[in-house]
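Source file: entry.txt (compact mmCIF, N, CA and C atoms and all ligand atoms)
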# COMPACT_ATOMS: atom_id res chain seq x y z
N MET A 1 -12.95 9.37 -8.55
CA MET A 1 -11.79 8.65 -8.06
C MET A 1 -12.19 7.76 -6.89
N ASN A 2 -11.64 6.59 -6.89
CA ASN A 2 -11.95 5.65 -5.83
C ASN A 2 -11.20 6.06 -4.55
N PRO A 3 -11.93 6.41 -3.49
CA PRO A 3 -11.27 6.88 -2.26
C PRO A 3 -10.47 5.81 -1.56
N ARG A 4 -10.65 4.57 -1.97
CA ARG A 4 -9.90 3.49 -1.30
C ARG A 4 -8.55 3.26 -1.97
N LYS A 5 -8.29 4.00 -3.05
CA LYS A 5 -6.99 3.86 -3.71
C LYS A 5 -6.05 4.93 -3.20
N GLY A 6 -4.79 4.85 -3.60
CA GLY A 6 -3.82 5.84 -3.17
C GLY A 6 -3.34 5.56 -1.76
N LYS A 7 -2.82 6.60 -1.12
CA LYS A 7 -2.20 6.42 0.19
C LYS A 7 -3.21 6.08 1.28
N GLN A 8 -4.47 6.45 1.05
CA GLN A 8 -5.49 6.16 2.06
C GLN A 8 -6.06 4.76 1.90
N GLU A 9 -5.64 4.09 0.84
CA GLU A 9 -6.14 2.74 0.60
C GLU A 9 -5.92 1.87 1.83
N ILE A 10 -6.96 1.19 2.26
CA ILE A 10 -6.81 0.28 3.39
C ILE A 10 -6.21 -1.02 2.88
N ILE A 11 -5.02 -1.31 3.38
CA ILE A 11 -4.34 -2.54 2.96
C ILE A 11 -4.79 -3.70 3.84
N CYS A 12 -4.81 -3.48 5.14
CA CYS A 12 -5.23 -4.53 6.07
C CYS A 12 -6.64 -4.24 6.53
N LEU A 13 -7.57 -4.99 5.96
CA LEU A 13 -8.99 -4.76 6.28
C LEU A 13 -9.30 -5.23 7.70
N CYS A 14 -8.64 -6.25 8.16
CA CYS A 14 -8.92 -6.76 9.52
C CYS A 14 -8.65 -5.69 10.57
N ASN A 15 -7.50 -5.03 10.44
CA ASN A 15 -7.09 -4.08 11.48
C ASN A 15 -7.13 -2.63 11.01
N ASN A 16 -7.73 -2.42 9.83
CA ASN A 16 -7.96 -1.06 9.31
C ASN A 16 -6.65 -0.27 9.23
N VAL A 17 -5.67 -0.85 8.57
CA VAL A 17 -4.37 -0.20 8.44
C VAL A 17 -4.21 0.27 7.00
N SER A 18 -3.94 1.57 6.83
CA SER A 18 -3.86 2.14 5.50
C SER A 18 -2.45 2.01 4.92
N ARG A 19 -2.38 2.24 3.62
CA ARG A 19 -1.11 2.15 2.92
C ARG A 19 -0.12 3.17 3.47
N ASP A 20 -0.57 4.38 3.78
CA ASP A 20 0.40 5.38 4.25
C ASP A 20 0.99 5.00 5.60
N VAL A 21 0.24 4.31 6.44
CA VAL A 21 0.78 3.86 7.73
C VAL A 21 1.86 2.79 7.51
N ILE A 22 1.60 1.90 6.58
CA ILE A 22 2.57 0.84 6.29
C ILE A 22 3.83 1.44 5.65
N GLU A 23 3.64 2.37 4.73
CA GLU A 23 4.80 2.99 4.08
C GLU A 23 5.63 3.79 5.09
N ALA A 24 4.97 4.45 6.03
CA ALA A 24 5.70 5.21 7.05
C ALA A 24 6.54 4.26 7.90
N ALA A 25 5.97 3.12 8.27
CA ALA A 25 6.72 2.15 9.08
C ALA A 25 7.96 1.66 8.33
N ILE A 26 7.81 1.41 7.03
CA ILE A 26 8.94 0.95 6.23
C ILE A 26 10.00 2.04 6.14
N ARG A 27 9.57 3.27 5.88
CA ARG A 27 10.53 4.39 5.80
C ARG A 27 11.26 4.58 7.12
N GLU A 28 10.58 4.26 8.22
CA GLU A 28 11.19 4.47 9.54
C GLU A 28 12.02 3.27 9.98
N GLY A 29 12.19 2.29 9.09
CA GLY A 29 13.15 1.24 9.41
C GLY A 29 12.60 -0.18 9.49
N ALA A 30 11.30 -0.36 9.32
CA ALA A 30 10.76 -1.72 9.34
C ALA A 30 11.16 -2.40 8.02
N ASP A 31 12.20 -3.22 8.07
CA ASP A 31 12.73 -3.80 6.83
C ASP A 31 12.44 -5.29 6.69
N THR A 32 11.55 -5.80 7.53
CA THR A 32 11.06 -7.17 7.37
C THR A 32 9.55 -7.14 7.58
N LEU A 33 8.90 -8.20 7.10
CA LEU A 33 7.44 -8.26 7.29
C LEU A 33 7.09 -8.28 8.78
N ASN A 34 7.85 -9.03 9.56
CA ASN A 34 7.54 -9.11 10.99
C ASN A 34 7.63 -7.75 11.67
N LYS A 35 8.60 -6.94 11.28
CA LYS A 35 8.70 -5.60 11.88
C LYS A 35 7.51 -4.74 11.49
N ILE A 36 7.05 -4.89 10.24
CA ILE A 36 5.86 -4.15 9.81
C ILE A 36 4.64 -4.61 10.61
N PHE A 37 4.52 -5.91 10.80
CA PHE A 37 3.38 -6.44 11.57
C PHE A 37 3.41 -5.88 12.99
N ASP A 38 4.59 -5.87 13.60
CA ASP A 38 4.72 -5.40 14.98
C ASP A 38 4.38 -3.92 15.10
N ARG A 39 4.84 -3.12 14.14
CA ARG A 39 4.65 -1.67 14.25
C ARG A 39 3.25 -1.21 13.90
N THR A 40 2.61 -1.93 12.97
CA THR A 40 1.33 -1.41 12.46
C THR A 40 0.11 -2.26 12.81
N THR A 41 0.30 -3.48 13.22
CA THR A 41 -0.74 -4.51 13.44
C THR A 41 -1.30 -5.05 12.12
N ALA A 42 -0.83 -4.52 10.99
CA ALA A 42 -1.25 -5.11 9.71
C ALA A 42 -0.68 -6.51 9.59
N GLY A 43 -1.44 -7.38 8.95
CA GLY A 43 -0.93 -8.72 8.66
C GLY A 43 -1.14 -9.74 9.75
N VAL A 44 -1.71 -9.31 10.87
CA VAL A 44 -1.87 -10.26 11.98
C VAL A 44 -3.33 -10.31 12.46
N GLY A 45 -4.23 -10.02 11.55
CA GLY A 45 -5.65 -10.04 11.90
C GLY A 45 -6.25 -11.42 11.81
N PRO A 46 -7.54 -11.52 12.10
CA PRO A 46 -8.21 -12.82 12.15
C PRO A 46 -8.30 -13.54 10.81
N CYS A 47 -8.09 -12.85 9.70
CA CYS A 47 -8.18 -13.54 8.41
C CYS A 47 -6.96 -14.41 8.17
N GLY A 48 -5.93 -14.22 8.97
CA GLY A 48 -4.73 -15.02 8.80
C GLY A 48 -3.67 -14.33 7.96
N GLY A 49 -3.91 -13.09 7.59
CA GLY A 49 -2.86 -12.32 6.93
C GLY A 49 -2.97 -12.26 5.42
N SER A 50 -4.18 -12.20 4.88
CA SER A 50 -4.32 -12.12 3.42
C SER A 50 -3.70 -10.85 2.86
N CYS A 51 -3.62 -9.79 3.66
CA CYS A 51 -3.04 -8.54 3.18
C CYS A 51 -1.53 -8.63 3.02
N ARG A 52 -0.92 -9.67 3.52
CA ARG A 52 0.54 -9.82 3.36
C ARG A 52 0.90 -9.88 1.88
N ARG A 53 -0.02 -10.31 1.04
CA ARG A 53 0.25 -10.37 -0.41
C ARG A 53 0.42 -8.97 -0.99
N LYS A 54 -0.08 -7.96 -0.30
CA LYS A 54 0.12 -6.58 -0.75
C LYS A 54 1.28 -5.93 -0.01
N ILE A 55 1.48 -6.30 1.24
CA ILE A 55 2.55 -5.67 2.02
C ILE A 55 3.92 -6.12 1.50
N ALA A 56 4.05 -7.39 1.16
CA ALA A 56 5.35 -7.92 0.70
C ALA A 56 5.86 -7.20 -0.54
N PRO A 57 5.03 -6.99 -1.59
CA PRO A 57 5.54 -6.28 -2.76
C PRO A 57 5.92 -4.82 -2.45
N LEU A 58 5.19 -4.18 -1.55
CA LEU A 58 5.54 -2.81 -1.15
C LEU A 58 6.94 -2.79 -0.55
N LEU A 59 7.17 -3.71 0.37
CA LEU A 59 8.46 -3.77 1.06
C LEU A 59 9.58 -4.13 0.08
N GLU A 60 9.34 -5.13 -0.76
CA GLU A 60 10.38 -5.56 -1.70
C GLU A 60 10.78 -4.43 -2.64
N GLU A 61 9.80 -3.71 -3.15
CA GLU A 61 10.10 -2.62 -4.07
C GLU A 61 10.89 -1.51 -3.37
N TYR A 62 10.50 -1.22 -2.15
CA TYR A 62 11.19 -0.16 -1.42
C TYR A 62 12.63 -0.56 -1.12
N LEU A 63 12.83 -1.80 -0.71
CA LEU A 63 14.19 -2.25 -0.39
C LEU A 63 15.07 -2.29 -1.65
N ALA A 64 14.44 -2.58 -2.79
CA ALA A 64 15.22 -2.69 -4.04
C ALA A 64 15.49 -1.33 -4.67
N THR A 65 14.54 -0.39 -4.55
CA THR A 65 14.66 0.86 -5.32
C THR A 65 14.64 2.12 -4.46
N GLY A 66 14.25 1.98 -3.19
CA GLY A 66 14.13 3.17 -2.35
C GLY A 66 12.83 3.92 -2.57
N ARG A 67 11.95 3.35 -3.38
CA ARG A 67 10.65 4.00 -3.65
C ARG A 67 9.53 2.97 -3.56
N PHE A 68 8.32 3.50 -3.38
CA PHE A 68 7.16 2.62 -3.35
C PHE A 68 6.52 2.58 -4.73
N PRO A 69 5.93 1.45 -5.10
CA PRO A 69 5.29 1.37 -6.42
C PRO A 69 4.04 2.23 -6.48
N GLU A 70 3.74 2.70 -7.68
CA GLU A 70 2.50 3.47 -7.89
C GLU A 70 1.29 2.62 -7.53
N THR A 71 1.26 1.44 -8.11
CA THR A 71 0.19 0.50 -7.79
C THR A 71 0.82 -0.78 -7.27
N ILE A 72 0.11 -1.43 -6.40
CA ILE A 72 0.65 -2.64 -5.78
C ILE A 72 0.28 -3.85 -6.63
N LYS A 73 1.31 -4.57 -7.05
CA LYS A 73 1.05 -5.84 -7.74
C LYS A 73 1.02 -6.92 -6.68
N GLU A 74 -0.17 -7.45 -6.46
CA GLU A 74 -0.33 -8.45 -5.42
C GLU A 74 0.53 -9.66 -5.68
N ASP A 75 1.16 -10.15 -4.63
CA ASP A 75 1.96 -11.36 -4.73
C ASP A 75 1.04 -12.57 -4.61
N LYS A 76 0.86 -13.26 -5.72
CA LYS A 76 -0.10 -14.38 -5.72
C LYS A 76 0.58 -15.73 -5.52
N ARG A 77 1.88 -15.68 -5.23
CA ARG A 77 2.56 -16.96 -4.99
C ARG A 77 1.90 -17.65 -3.81
N GLY A 78 1.72 -18.91 -3.94
CA GLY A 78 1.12 -19.66 -2.85
C GLY A 78 -0.39 -19.73 -2.91
N LYS A 79 -0.98 -18.92 -3.83
CA LYS A 79 -2.43 -18.94 -3.96
C LYS A 79 -2.83 -20.14 -4.82
N LYS A 80 -3.87 -20.84 -4.42
CA LYS A 80 -4.30 -22.02 -5.18
C LYS A 80 -4.81 -21.61 -6.54
N LYS A 81 -4.50 -22.42 -7.53
CA LYS A 81 -5.02 -22.16 -8.86
C LYS A 81 -6.44 -22.68 -8.95
N SER A 82 -7.32 -21.91 -9.59
CA SER A 82 -8.68 -22.41 -9.77
C SER A 82 -8.74 -23.15 -11.10
N ARG A 83 -9.53 -24.17 -11.13
CA ARG A 83 -9.65 -24.97 -12.36
C ARG A 83 -11.05 -24.89 -12.88
S1 LIG A 101 -6.49 -8.18 6.09
FE1 LIG A 101 -4.66 -7.94 7.17
S2 LIG A 101 -4.66 -9.56 8.58
FE2 LIG A 101 -6.57 -9.71 7.59
Would you put the structure from the file into structure tokens?
Amino acid sequence: MNPRKGKQEIICLCNNVSRDVIEAAIREGADTLNKIFDRTTAGVGPCGGSCRRKIAPLLEEYLATGRFPETIKEDKRGKKKSR
């Protein structure tokens, strides 16, 4: 089993923030991306926030269903298409 998957999966590589830390922040009331960034430091690292593509789907699913997805479907909107 890949140790980087599941709740220990590091979502924000810049600031070493795991999925369980982000999920805890959301459960405790962080209902916008900015609140998650403030509480966890995820999404505000030197890369410019590439992990936001994973944080946004986690938050959206939780707000819509009250649960977190088994696997994170990265939000690729805004990503340049390669030709
Ligand atoms: S990976 Fe999260 S800000 Fe860079």
- request: Going by DSSP on the backbone, which bits of chain A are strand (DSSP E or B)? Write them as a ChimeraX atom specification, please.
  value: /A:10-12,17-18
Taking only residues of range 28-79 of chain A that have an atom at most 7 Å from an atom of range 17-24 of chain A, what is each one's shortest atom pair and its distance in Å to one decimal, using only N, CA and C atoms, in chain and number order, as a tab-separated table?
residue	atom	partner	partner_atom	distance
A:Glu28	N	A:Ala24	C	4.1
A:Gly29	N	A:Ala24	C	6.1
A:Ala30	N	A:Ala24	C	6.8
A:Ile36	CA	A:Ile22	CA	6.9
A:Thr40	CA	A:Val21	C	6.5
A:Thr41	C	A:Val17	CA	6.8
A:Ala42	CA	A:Val17	CA	6.0
All residues having an atom within 6 Å of ligand LIG 101 (chain A) (only C-alpha atoms and all ligand atoms) as a PyMOL selection string: chain A and resi 12-14+42-51
task: Would you please extract all helix (DSSP H, G or I) residues from range 8-83 of chain A, as assigned by DSSP on the backbone, and give them as a VMD selection string?
output: chain A and resid 8 19 to 27 33 to 40 52 to 65
Once 3 Å is added on each side, what are the centre and the three edge lengths, in Å to one decimal, of the axis-aligned box enclosing the listed atoms of range 37-45 of chain A? Present them as JSON.
{"center_x": -0.7, "center_y": -6.3, "center_z": 11.9, "size_x": 17.1, "size_y": 16.2, "size_z": 12.4}
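Reported to one decimal place, the separation of atom C of Arg27 in chain A from atom C of Arg77 in chain A is 26.5 Å.
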Two-atom distance - atom N of Pro69 in chain A, atom N of Ile55 in chain A (Å):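 Separation of atom N of Pro69 in chain A and atom N of Ile55 in chain A: 11.0 Å.
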- prompt: Expressed in Å to a single decimal, how great is the separation between atom C of Ala25 in chain A and CA of Leu59 in chain A?
  reply: 9.1 Å
- prompt: Of the residues A:Glu74, A:Tyr62, A:Arg52, A:Arg67, which is the one nearest to Ile11 in chain A, using all atoms listed in the file?
  reply: A:Arg52
query: Using only C-alpha atoms, which of the listed residues (A:Gly6, A:Ala56, A:Thr32, A:Asp38) sits closest to Glu70 in chain A?
result: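 Closest residue, counting only C-alpha atoms: A:Gly6.
The nearest approach to Gly66 in chain A among the residues A:Ile26, A:Lys54, A:Glu9, A:Asn15, with only C-alpha atoms taken into account, belongs to A:Ile26.
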